[in-house]
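So this block is start-v5.csv, CSV, C-alpha atoms:
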```csv
chain,number,residue,atom,x,y,z
A,1,MET,CA,100.9,112.5,108.1
A,2,PRO,CA,100.4,110.0,105.1
A,3,LYS,CA,100.0,111.5,101.6
A,4,SER,CA,96.4,110.3,101.2
A,5,ARG,CA,95.3,112.2,104.3
A,6,LYS,CA,95.3,115.8,103.2
A,7,ARG,CA,94.1,118.6,105.5
A,8,ARG,CA,92.5,121.6,104.1
A,9,SER,CA,92.6,124.7,106.3
A,10,SER,CA,90.0,126.7,104.5
A,11,GLY,CA,88.0,128.2,107.2
A,12,ARG,CA,87.1,127.1,110.7
A,13,ARG,CA,87.9,123.3,110.8
A,14,ALA,CA,90.4,121.2,109.0
A,15,LYS,CA,88.7,118.4,107.0
A,16,VAL,CA,90.3,115.0,106.5
A,17,ARG,CA,89.6,113.4,103.1
A,18,ARG,CA,88.9,109.7,102.8
A,19,ALA,CA,91.7,107.7,101.2
A,20,LYS,CA,91.0,105.8,98.0
A,21,PRO,CA,90.7,102.0,98.4
A,22,GLY,CA,94.1,100.4,98.3
A,23,ALA,CA,95.9,103.7,98.7
A,24,ARG,CA,97.5,102.9,102.1
A,25,GLY,CA,98.6,99.3,101.4
A,26,ARG,CA,96.9,97.7,104.4
A,27,GLY,CA,94.1,95.9,102.7
A,28,GLY,CA,93.8,92.2,101.7
A,29,PHE,CA,93.9,92.8,97.9
A,30,PHE,CA,96.0,94.4,95.2
A,31,HIS,CA,93.8,96.7,93.0
A,32,ILE,CA,94.5,96.7,89.3
A,33,GLN,CA,92.5,99.5,87.6
A,34,VAL,CA,91.7,98.7,84.0
A,35,ARG,CA,89.2,101.5,83.2
A,36,PRO,CA,88.5,104.9,84.9
A,37,LYS,CA,85.8,104.9,87.6
A,38,ARG,CA,84.2,108.0,86.0
A,39,ASP,CA,83.0,105.8,83.1
A,40,PHE,CA,80.5,104.0,85.3
A,41,VAL,CA,77.5,104.8,87.3
A,42,SER,CA,77.3,101.6,89.6
A,43,PHE,CA,79.5,98.7,90.5
A,44,ARG,CA,79.3,95.0,91.4
A,45,ASN,CA,81.9,92.7,92.8
A,46,GLN,CA,82.2,89.2,91.3
A,47,ASP,CA,84.2,86.3,92.8
A,48,VAL,CA,86.4,84.6,90.2
A,49,GLY,CA,87.2,81.0,91.2
A,50,ALA,CA,87.7,80.3,95.0
A,51,ARG,CA,86.2,82.7,97.5
A,52,GLY,CA,88.6,85.6,98.6
A,53,GLY,CA,91.3,84.9,96.0
A,54,ILE,CA,90.5,87.0,92.9
A,55,GLU,CA,87.5,89.3,92.3
A,56,ARG,CA,86.4,91.3,89.3
A,57,VAL,CA,84.8,94.7,89.9
A,58,ALA,CA,82.2,95.2,87.1
A,59,GLY,CA,80.9,98.7,86.3
A,60,ARG,CA,77.6,99.6,84.7
A,61,ARG,CA,77.7,102.4,82.2
A,62,ALA,CA,74.9,105.0,81.8
A,63,ASN,CA,73.7,103.2,78.6
A,64,GLY,CA,73.3,99.9,80.6
A,65,SER,CA,76.4,98.0,79.3
A,66,TRP,CA,78.7,96.3,81.8
A,67,ASP,CA,82.5,96.1,81.7
A,68,THR,CA,85.4,95.4,84.1
A,69,GLN,CA,86.5,98.5,86.0
A,70,LYS,CA,89.3,96.8,88.0
A,71,TRP,CA,90.6,93.4,89.3
A,72,LEU,CA,91.2,92.6,92.9
A,73,ILE,CA,93.9,90.0,93.4
A,74,GLY,CA,94.3,88.7,97.0
A,75,LYS,CA,97.7,89.1,98.7
A,76,SER,CA,97.9,85.4,99.0
A,77,GLU,CA,97.7,85.1,95.2
A,78,ALA,CA,100.4,87.6,94.2
A,79,HIS,CA,103.2,89.8,95.7
A,80,ARG,CA,104.9,93.1,94.8
A,81,ALA,CA,108.4,93.0,93.5
A,82,GLY,CA,109.6,96.5,93.3
A,83,LYS,CA,107.2,98.3,91.0
A,84,ARG,CA,105.8,95.1,89.5
A,85,LEU,CA,103.1,92.7,90.5
A,86,GLU,CA,104.3,89.0,90.5
A,87,PRO,CA,101.7,86.2,90.4
A,88,ASP,CA,102.1,83.4,92.9
A,89,THR,CA,99.2,81.2,91.6
A,90,ALA,CA,98.0,80.0,88.2
A,91,ALA,CA,94.8,82.0,88.6
A,92,ALA,CA,96.6,85.2,89.2
A,93,ARG,CA,99.0,84.5,86.3
A,94,LYS,CA,96.0,84.0,84.0
A,95,VAL,CA,94.4,87.3,85.0
A,96,LEU,CA,97.6,89.3,84.6
A,97,SER,CA,98.4,87.7,81.2
A,98,GLN,CA,94.9,88.7,79.9
A,99,LEU,CA,95.5,92.4,80.7
A,100,GLY,CA,96.4,94.7,77.8
A,101,SER,CA,99.7,95.8,79.5
A,102,THR,CA,101.8,94.9,82.5
A,103,PRO,CA,100.4,96.5,85.7
A,104,ARG,CA,102.2,99.7,86.7
A,105,HIS,CA,102.4,100.6,90.4
A,106,LEU,CA,100.6,103.8,91.5
A,107,GLY,CA,101.1,103.6,95.3
A,108,GLY,CA,100.0,101.5,98.2
A,109,ASP,CA,98.2,98.4,96.8
A,110,ARG,CA,97.1,100.2,93.6
A,111,PHE,CA,98.2,99.4,90.1
A,112,ILE,CA,97.0,100.5,86.6
A,113,ALA,CA,96.9,98.6,83.4
A,114,ARG,CA,95.3,98.8,80.0
A,115,PRO,CA,92.2,96.6,79.1
A,116,ARG,CA,92.7,93.8,76.6
A,117,ARG,CA,92.3,94.6,73.0
A,118,LYS,CA,88.8,94.6,71.4
A,119,ILE,CA,88.5,92.1,68.6
A,120,PRO,CA,86.9,93.5,65.5
A,121,ALA,CA,84.0,91.6,63.9
A,122,ARG,CA,85.9,90.9,60.7
A,123,GLU,CA,88.5,88.9,62.8
A,124,LYS,CA,85.8,86.7,64.4
A,125,PRO,CA,85.5,83.9,65.0
A,126,THR,CA,89.0,83.7,66.5
A,127,PRO,CA,90.8,80.3,66.5
A,128,ALA,CA,90.0,80.0,70.3
A,129,MET,CA,86.3,80.6,69.5
A,130,ARG,CA,86.3,77.9,66.8
A,131,ARG,CA,87.9,75.4,69.2
A,132,ALA,CA,85.3,76.2,71.8
A,133,GLN,CA,82.5,75.8,69.3
A,134,LEU,CA,83.8,72.4,68.2
A,135,ALA,CA,84.2,71.3,71.7
A,136,ASN,CA,80.6,72.3,72.6
A,137,ILE,CA,79.3,70.5,69.5
A,138,LYS,CA,81.2,67.3,70.4
A,139,LYS,CA,79.8,67.5,74.0
A,140,ALA,CA,76.2,68.0,72.7
A,141,GLN,CA,76.6,65.0,70.3
A,142,ALA,CA,78.0,62.8,73.1
A,143,ALA,CA,75.1,63.7,75.3
A,144,LEU,CA,72.6,63.0,72.5
A,145,ARG,CA,74.2,59.5,71.9
A,146,LYS,CA,74.1,58.7,75.6
A,147,ARG,CA,70.4,59.7,75.8
A,148,ARG,CA,69.6,57.5,72.7
A,149,ARG,CA,71.4,54.5,74.2
A,150,ALA,CA,69.5,54.9,77.4
A,151,ARG,CA,66.2,54.7,75.6
A,152,ALA,CA,67.1,51.6,73.6
```
What would you get if you wrote out this structure as C-alpha coordinates?
Amino acid sequence: MPKSRKRRSSGRRAKVRRAKPGARGRGGFFHIQVRPKRDFVSFRNQDVGARGGIERVAGRRANGSWDTQKWLIGKSEAHRAGKRLEPDTAAARKVLSQLGSTPRHLGGDRFIARPRRKIPAREKPTPAMRRAQLANIKKAQAALRKRRRARA
(Lines of atoms letter the chains of each structure in order from A and count residues from 1; the text may use other names and numbers.)
(Lines give C-alpha, C1' and ligand atoms only; values in the text may rest on other atoms or scores of the structure.)
Protein backbone atom coordinates (compact mmCIF):
# COMPACT_ATOMS: atom_id res chain seq x y z
CA MET A 1 0.00 0.00 0.00
CA PRO A 2 1.40 3.51 -0.88
CA LYS A 3 2.70 5.68 1.96
CA SER A 4 0.01 8.33 1.55
CA ARG A 5 -2.84 5.83 2.04
CA LYS A 6 -2.74 5.12 5.77
CA ARG A 7 -5.23 2.80 7.33
CA ARG A 8 -6.35 3.40 10.87
CA SER A 9 -7.80 0.40 12.62
CA SER A 10 -9.33 2.22 15.56
CA GLY A 11 -12.68 0.56 15.93
CA ARG A 12 -15.02 -1.11 13.49
CA ARG A 13 -13.92 0.06 10.04
CA ALA A 14 -10.56 1.05 8.63
CA LYS A 15 -10.62 4.59 7.20
CA VAL A 16 -8.58 5.60 4.16
CA ARG A 17 -7.17 9.14 4.29
CA ARG A 18 -7.09 11.31 1.20
CA ALA A 19 -3.61 11.90 -0.26
CA LYS A 20 -2.32 15.48 -0.48
CA PRO A 21 -2.28 17.01 -3.98
CA GLY A 22 0.87 15.95 -5.81
CA ALA A 23 1.77 13.28 -3.22
CA ARG A 24 1.50 10.32 -5.59
CA GLY A 25 3.25 11.83 -8.61
CA ARG A 26 0.48 11.14 -11.12
CA GLY A 27 -0.77 14.70 -11.71
CA GLY A 28 -0.02 17.17 -14.49
CA PHE A 29 1.89 19.66 -12.31
CA PHE A 30 4.86 19.90 -9.97
CA HIS A 31 3.78 21.60 -6.72
CA ILE A 32 6.32 24.03 -5.21
CA GLN A 33 5.12 25.10 -1.77
CA VAL A 34 6.37 28.53 -0.73
CA ARG A 35 4.31 29.20 2.41
CA PRO A 36 2.41 26.79 4.71
CA LYS A 37 -1.24 26.19 3.92
CA ARG A 38 -2.25 26.91 7.53
CA ASP A 39 -1.39 30.63 7.05
CA PHE A 40 -4.40 31.08 4.73
CA VAL A 41 -8.19 30.81 4.91
CA SER A 42 -9.06 30.58 1.19
CA PHE A 43 -7.28 30.01 -2.11
CA ARG A 44 -7.45 31.02 -5.77
CA ASN A 45 -5.59 29.65 -8.81
CA GLN A 46 -4.14 32.16 -11.24
CA ASP A 47 -2.82 31.24 -14.69
CA VAL A 48 0.58 32.76 -15.44
CA GLY A 49 1.29 33.07 -19.15
CA ALA A 50 -0.19 30.41 -21.45
CA ARG A 51 -3.05 28.20 -20.23
CA GLY A 52 -1.98 25.02 -18.45
CA GLY A 53 1.72 25.82 -18.20
CA ILE A 54 2.39 27.63 -14.93
CA GLU A 55 -0.14 28.54 -12.25
CA ARG A 56 0.12 30.51 -9.02
CA VAL A 57 -1.97 29.43 -6.04
CA ALA A 58 -2.73 32.60 -4.09
CA GLY A 59 -3.93 32.37 -0.51
CA ARG A 60 -5.98 34.93 1.41
CA ARG A 61 -5.02 35.49 5.03
CA ALA A 62 -7.54 36.12 7.82
CA ASN A 63 -6.64 39.85 7.72
CA GLY A 64 -7.56 40.01 4.00
CA SER A 65 -4.08 40.22 2.46
CA TRP A 66 -3.13 37.89 -0.43
CA ASP A 67 0.16 36.08 -0.99
CA THR A 68 1.53 33.15 -3.02
CA GLN A 69 1.04 29.83 -1.23
CA LYS A 70 2.56 27.65 -3.96
CA TRP A 71 3.48 27.47 -7.64
CA LEU A 72 2.19 24.80 -10.00
CA ILE A 73 4.59 24.13 -12.88
CA GLY A 74 3.30 21.88 -15.68
CA LYS A 75 5.22 18.70 -16.40
CA SER A 76 5.76 19.96 -19.96
CA GLU A 77 7.59 23.01 -18.50
CA ALA A 78 10.04 21.19 -16.18
CA HIS A 79 11.34 17.77 -15.22
CA ARG A 80 12.75 16.10 -12.13
CA ALA A 81 16.48 15.34 -12.07
CA GLY A 82 17.13 13.33 -8.91
CA LYS A 83 15.97 15.51 -6.01
CA ARG A 84 16.05 18.72 -8.08
CA LEU A 85 13.54 20.36 -10.40
CA GLU A 86 15.08 21.33 -13.76
CA PRO A 87 13.26 23.94 -15.92
CA ASP A 88 12.69 23.16 -19.62
CA THR A 89 11.24 26.54 -20.65
CA ALA A 90 12.13 30.19 -20.07
CA ALA A 91 8.91 30.77 -18.09
CA ALA A 92 9.70 27.92 -15.66
CA ARG A 93 13.31 29.14 -15.37
CA LYS A 94 12.03 32.61 -14.43
CA VAL A 95 9.68 31.27 -11.72
CA LEU A 96 12.38 29.04 -10.21
CA SER A 97 14.94 31.86 -10.23
CA GLN A 98 12.58 34.18 -8.34
CA LEU A 99 12.17 31.76 -5.42
CA GLY A 100 14.13 32.42 -2.22
CA SER A 101 15.87 29.02 -2.41
CA THR A 102 16.21 26.04 -4.74
CA PRO A 103 13.18 23.73 -4.50
CA ARG A 104 13.75 20.65 -2.29
CA HIS A 105 11.93 17.41 -3.16
CA LEU A 106 9.39 16.18 -0.57
CA GLY A 107 7.92 13.19 -2.42
CA GLY A 108 5.75 12.53 -5.48
CA ASP A 109 5.43 15.81 -7.37
CA ARG A 110 5.82 17.98 -4.25
CA PHE A 111 8.71 20.37 -3.59
CA ILE A 112 9.29 23.05 -0.96
CA ALA A 113 11.16 26.37 -1.26
CA ARG A 114 11.49 29.61 0.65
CA PRO A 115 9.66 32.73 -0.56
CA ARG A 116 11.72 35.52 -2.05
CA ARG A 117 13.13 38.16 0.29
CA LYS A 118 10.95 41.08 1.38
CA ILE A 119 12.54 44.39 0.37
CA PRO A 120 12.53 46.92 3.24
CA ALA A 121 11.13 50.39 2.57
CA ARG A 122 14.53 52.04 3.08
CA GLU A 123 15.91 50.11 0.05
CA LYS A 124 13.09 51.25 -2.24
CA PRO A 125 12.87 52.18 -5.03
CA THR A 126 15.13 49.38 -6.26
CA PRO A 127 17.09 49.82 -9.51
CA ALA A 128 14.52 47.61 -11.29
CA MET A 129 11.68 49.82 -9.98
CA ARG A 130 13.50 52.94 -11.20
CA ARG A 131 13.97 51.43 -14.67
CA ALA A 132 10.27 50.50 -14.80
CA GLN A 133 9.24 54.01 -13.71
CA LEU A 134 11.41 55.63 -16.38
CA ALA A 135 10.07 53.26 -19.05
CA ASN A 136 6.48 54.07 -18.04
CA ILE A 137 7.16 57.82 -18.13
CA LYS A 138 8.68 57.49 -21.63
CA LYS A 139 5.63 55.50 -22.81
CA ALA A 140 3.25 58.13 -21.43
CA GLN A 141 5.22 60.96 -23.05
CA ALA A 142 5.26 59.15 -26.42
CA ALA A 143 1.49 58.58 -26.22
CA LEU A 144 0.95 62.26 -25.38
CA ARG A 145 3.12 63.38 -28.33
CA LYS A 146 1.22 61.04 -30.64
CA ARG A 147 -2.15 62.41 -29.44
CA ARG A 148 -0.99 66.02 -29.91
CA ARG A 149 0.23 65.29 -33.46
CA ALA A 150 -3.11 63.69 -34.32
CA ARG A 151 -5.01 66.86 -33.30
CA ALA A 152 -2.80 69.22 -35.29
Open item on the list: Quick check, in Å to one decimal: how far apart do CA of Asn136 (chain A) and CA of Lys118 (chain A) lie?
Closed with: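 We find that CA of Asn136 (chain A) and CA of Lys118 (chain A) lie 23.8 Å from each other.
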TODO: For region 71-83 of chain A, list every protein, DNA or RNA residue within 7 Å, evaluated using only C-alpha atoms, and leave out those in the same chain fewer than 6 positions away; present the list as a PyMOL selection string.
DONE: chain A and resi 28-33+52-57+89+92+104-105
Selection to disk with C-alpha atoms, as an mmCIF file, keeping the file's coordinate frame:
```cif
data_model
loop_
_atom_site.group_PDB
_atom_site.id
_atom_site.type_symbol
_atom_site.label_atom_id
_atom_site.label_comp_id
_atom_site.auth_asym_id
_atom_site.auth_seq_id
_atom_site.Cartn_x
_atom_site.Cartn_y
_atom_site.Cartn_z
ATOM 1 C CA GLY A 28 93.800 92.200 101.700
ATOM 2 C CA PHE A 29 93.900 92.800 97.900
ATOM 3 C CA PHE A 30 96.000 94.400 95.200
ATOM 4 C CA HIS A 31 93.800 96.700 93.000
ATOM 5 C CA ILE A 32 94.500 96.700 89.300
ATOM 6 C CA GLN A 33 92.500 99.500 87.600
ATOM 7 C CA GLY A 52 88.600 85.600 98.600
ATOM 8 C CA GLY A 53 91.300 84.900 96.000
ATOM 9 C CA ILE A 54 90.500 87.000 92.900
ATOM 10 C CA GLU A 55 87.500 89.300 92.300
ATOM 11 C CA ARG A 56 86.400 91.300 89.300
ATOM 12 C CA VAL A 57 84.800 94.700 89.900
ATOM 13 C CA THR A 89 99.200 81.200 91.600
ATOM 14 C CA ALA A 92 96.600 85.200 89.200
ATOM 15 C CA ARG A 104 102.200 99.700 86.700
ATOM 16 C CA HIS A 105 102.400 100.600 90.400
#
```
Open item on the list: Give me, as a list in words, all polymer residues having an atom no more than 8 Å from Arg116 (chain A), counting all atoms listed in the file and skipping those fewer than 2 positions away in the same chain.
Closed with: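 Listing them by chain and then by number gives Gln98, Leu99, Gly100, Ser101, Arg114 and Lys118 of chain A.
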Give me the residues near Asn63 (chain A) as an mmCIF file with C-alpha atoms, keeping the file's coordinate frame, where near means some atom within 12 Å (using only C-alpha atoms) and where sequence neighbours in that chain fewer than 4 positions away do not count.
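Writing done, so here's selection-v5.cif:
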```cif
data_model
loop_
_atom_site.group_PDB
_atom_site.id
_atom_site.type_symbol
_atom_site.label_atom_id
_atom_site.label_comp_id
_atom_site.auth_asym_id
_atom_site.auth_seq_id
_atom_site.Cartn_x
_atom_site.Cartn_y
_atom_site.Cartn_z
ATOM 1 C CA ASP A 39 83.000 105.800 83.100
ATOM 2 C CA PHE A 40 80.500 104.000 85.300
ATOM 3 C CA VAL A 41 77.500 104.800 87.300
ATOM 4 C CA SER A 42 77.300 101.600 89.600
ATOM 5 C CA GLY A 59 80.900 98.700 86.300
ATOM 6 C CA ASP A 67 82.500 96.100 81.700
#
```
- [ ] In Å, rounded to a single decimal, give me how far CA of Pro87 (chain A) is from CA of Gly25 (chain A).
- [x]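 Interatomic distance here is 17.4 Å.
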